[in-house]
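Trainee: The structure is given below, and queries will be raised subsequently.
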Amino acid sequence: MNEARTLVDARMTGRVTVTAGPHDVGFTWRERPSQPQDVWQPSLRDSQEVHMIGGQTRLQTVGIEGPYGVTGVSATPSRDLIFVCQPEVPQEELACATRILTNLTRRAYRRSVTTADVEAPMAFYKQSRESGGNFDAGIRSGVARILASPSFLYRIERDPAGLRAGTSHAVSDVELATRLSFFLWSSIPDETLLNLATTGRLRGPGALEAQVRRMIADERADALVSNFAGQWLQLRNLEAKVSPDLLMFPDFDDNTRKAFRLETELFFGHIMRGNRSALELLNADYTFVNERLAKHYGIRGVYGERFRQVKLTDPNRRGLLGQGSILSLTSVATRTSPVFRGKYILSTFLDTPPPPPPPNVPTLEESNKSSAAAPKTVRAQLEAHRSNPACASCHRIIDPPGFALENFNSVGQWRDAAADGTPIDAAGELADGAKVDGPAALRDAILSRPDVLVTTLTSRMLTYALGRGLEPSDMPVVRRVVKRAAQNDYRFASIILGIVESAPFQMRATLEPVETVNRVAQAKEQ
């Protein structure tokens, strides 16, 4: 058995010569190179048995090892950024090393650096060289020292001397540049932003707005899309939470799950980068799909693995409420969950999360077990569950927005009837008395008060930008940002720029000196 496996592994192993640097790598069968290899092609038969999965052979995992037989050092984008000079003769090495490590220290510490800042990495460089290492080894040691410095690992903001504890003051331009860069890019400032900050021009007329627009257009703003959308819309939970039952949804796999997330990220990024209205998050008549996701949704005329923007003709599919990422996140393995969906909508888009359930309240399944004639549909099961007075008060608010999405099954496909043929009943009444009977009506009800949706978005984004929860004192700032954005059709740049120009983002409160805190603690112990 082991010998046979070794022979098979040997036939599936190969070596190829490549240059150093970034490459796009793909794998396919030579006999069918045009077919996607990570998509299961089910065989044609009457049933799909979980223990007897048929279909064409596919590539599931591929490993890359190496490099082997390395010759020389190749130029790569990252290496070119580090080695801003190359010594031609040994006498030039010390000056070149100083230049390289000074440049890296400035970028890593995100500020102008002094001779003292460069002394430590230079000491590591010299020690490596004295131990027999070459020039590259010395630079490697110096870089390691920079990356271990607290100035790189922590975003350090200093208070001006002489200010009383609790006094608010504007952060420096360099500190503001760091805040802005980590907000929009989740990374350090680039040369353009850092140069503006170190020369004191970042707060000049129009400079901050120009930088915000430039940074949003940069591909590094993908970090804001993936990180913020992953946090606000809970997309980061897709891999852990979305596992539909294989017997009920045999065509669902990790490719579909990843496509769900990519669709929403591309959609969010398009609205943000295009400076479109934040209201399009719910009412956009377009989305981003590839062939497989388009077939999953029933959208015709899309071919190939590349994601592209397509126009939606079905009003129920518009915006986030019609995307598989949201619909699958708010379902369970075997069925939809109006409770999860209702709670998600109330919390994510309206910022009115329902209270936690009281103790000892039975689950939906437990409520149905106790019934002599267990109801079949999810709606009927919830009606029985709500017969408990302790449950009814909350479910009266939670369930209607969830019922409005009941036409979407647990993997985001449209249906007019349940599995047993029972027609879907999506009707309900929201807490404010609005009647809803489907996704389009629910969307219109939410957008009837656009300030509520944009206030929720702004609050979540301000929380993300500050790296802390909001206090009641922050809410006037949120309201000002929303009011200003309303004058510009709630466009995304207005929201982001309002956050960047706000006092919480540009200011900090002076903290008590550590010595004072220690003295107070010691006095209390005595």
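Chain identifiers are assigned as A, B, and so on, following the order in which chains appear in the structure tokens; residues are numbered from 1 within each chain, and ligands are numbered from 1 in order of appearance.
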Report as a ChimeraX atom specification all protein, DNA and RNA residues lying within 12 Å of Gln211 (chain A), evaluated on only C-alpha atoms, omitting residues in the same chain fewer than 4 positions from it.
Mentor: /A:176-177,180-181,184,189-197,201-207,215-218,493,496-497,500
Trainee: Could you pull out the strand (DSSP E) residues of region 366-492 of chain A from DSSP and send them as a list in words?
Mentor: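 Strand (DSSP E) members of region 366-492 of chain A, listed: Gly428, Glu429, Lys435 and Val436 of chain A.
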Trainee: Could you build a table of the residues in region 170-246 of chain A lying no more than 12 Å from region 159-163 of chain A, giving for each the nearest pair of atoms and their separation in Å rounded to one decimal place, using only C-alpha atoms, ordered by chain and ascending residue number, as CSV?
Mentor:
residue,atom,partner,partner_atom,distance
A:Ala170,CA,A:Asp159,CA,9.5
A:Val171,CA,A:Asp159,CA,8.2
A:Ser172,CA,A:Asp159,CA,9.5
A:Glu175,CA,A:Asp159,CA,11.2
Trainee: Store the residues picked out above in a file with N, CA, C and O atoms, as a compact mmCIF listing (two decimals), in the first residue's frame.
Mentor:
# COMPACT_ATOMS: atom_id res chain seq x y z
N ALA A 170 -4.30 68.07 19.86
CA ALA A 170 -4.18 67.48 18.53
C ALA A 170 -2.92 66.63 18.44
O ALA A 170 -1.86 67.02 18.95
N VAL A 171 -3.04 65.49 17.80
CA VAL A 171 -1.86 64.67 17.59
C VAL A 171 -0.98 65.34 16.54
O VAL A 171 -1.43 66.20 15.77
N SER A 172 0.28 64.98 16.49
CA SER A 172 1.19 65.56 15.51
C SER A 172 0.83 65.09 14.11
O SER A 172 0.08 64.12 13.93
N GLU A 175 1.84 61.48 13.65
CA GLU A 175 0.90 60.56 14.32
C GLU A 175 -0.42 60.49 13.56
O GLU A 175 -1.03 59.42 13.46
Trainee: Assign secondary structure with DSSP using the backbone only, and return the residues of region 272-331 of chain A in alpha helix (DSSP H) as a ChimeraX atom specification.
Mentor: /A:272-273,280-283,291-297,324-329
Trainee: Pick out the residues sitting within 10 Å of Trp185 (chain A), and hand them over as a JSON list (two decimals) with C-alpha atoms, in the first residue's frame; count only C-alpha atoms, and ignore anything fewer than 6 positions along from it in its own chain.
Mentor:
[["chain", "number", "residue", "atom", "x", "y", "z"],
["A", 179, "ARG", "CA", -3.65, 56.86, 12.16],
["A", 215, "MET", "CA", -5.41, 56.33, -0.52],
["A", 216, "ILE", "CA", -8.94, 55.05, -1.15],
["A", 218, "ASP", "CA", -4.93, 52.78, -4.05],
["A", 219, "GLU", "CA", -5.07, 48.98, -4.14],
["A", 220, "ARG", "CA", -3.87, 48.93, -0.53],
["A", 221, "ALA", "CA", -7.35, 50.11, 0.45],
["A", 222, "ASP", "CA", -8.41, 46.50, -0.18],
["A", 223, "ALA", "CA", -7.45, 46.06, 3.47],
["A", 224, "LEU", "CA", -10.24, 48.44, 4.51],
["A", 225, "VAL", "CA", -12.70, 46.49, 2.39],
["A", 227, "ASN", "CA", -11.11, 44.04, 7.31]]
Trainee: Using only C-alpha atoms, which residue out of A:Gly498, A:Ser393, A:Val62, A:Tyr297 lies closest to Thr28 (chain A)?
Mentor: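 Under the stated criterion, the closest residue is A:Val62.
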Trainee: Determine the nearest neighbour of Phe349 (chain A) from the options A:Thr456, A:Ser187, A:Thr114, A:Ser78, counting only C-alpha atoms.
Mentor: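 Between A:Thr456, A:Ser187, A:Thr114, A:Ser78, the residue approaching Phe349 (chain A) most closely is A:Thr456.
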Trainee: For Phe152 (chain A), which of A:Glu305, A:Ala284, A:Pro355, A:Arg111 is the closest residue, counting only C-alpha atoms?
Mentor: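 Among A:Glu305, A:Ala284, A:Pro355, A:Arg111, it is A:Arg111 that comes nearest to Phe152 (chain A).
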Trainee: Rank nothing, just name the residue among A:Thr61, A:Gln127, A:Gln323, A:Asn316 nearest to Ala294 (chain A), using only C-alpha atoms.
Mentor: A:Gln323
Trainee: At most 6 Å is the cut-off: for each residue in region 398-508 of chain A with any atom that close to an atom of region 325-346 of chain A, write down the nearest atom pair and the distance in Å rounded to one decimal, counting only C-alpha atoms, chain first then increasing number, as CSV.
Mentor:
residue,atom,partner,partner_atom,distance
A:Ile398,CA,A:Gly342,CA,4.9
A:Asp399,CA,A:Val339,CA,5.5
A:Pro401,CA,A:Gly342,CA,4.9
A:Gly402,CA,A:Pro338,CA,3.9
A:Phe403,CA,A:Pro338,CA,5.4
A:Asn409,CA,A:Thr336,CA,6.0
A:Ser410,CA,A:Thr336,CA,4.8
A:Val411,CA,A:Ser328,CA,5.0
A:Gly412,CA,A:Leu327,CA,5.3
Trainee: Next, the residues of the selection above should be written as a compact mmCIF listing (two decimals), in the first residue's frame with C-alpha atoms.
Mentor:
# COMPACT_ATOMS: atom_id res chain seq x y z
CA ILE A 398 -37.03 39.94 15.61
CA ASP A 399 -39.04 37.62 13.36
CA PRO A 401 -37.47 41.12 9.08
CA GLY A 402 -36.30 37.51 9.08
CA PHE A 403 -39.56 36.28 7.54
CA ASN A 409 -33.02 29.32 1.22
CA SER A 410 -30.05 28.77 3.52
CA VAL A 411 -27.52 29.04 0.66
CA GLY A 412 -29.07 32.16 -0.85
Trainee: Given the choices A:Gly230, A:Gly133, A:Gly138, A:Pro354, which gets closest to Cys96 (chain A) if the distance is worked out from only C-alpha atoms?
Mentor: A:Gly138
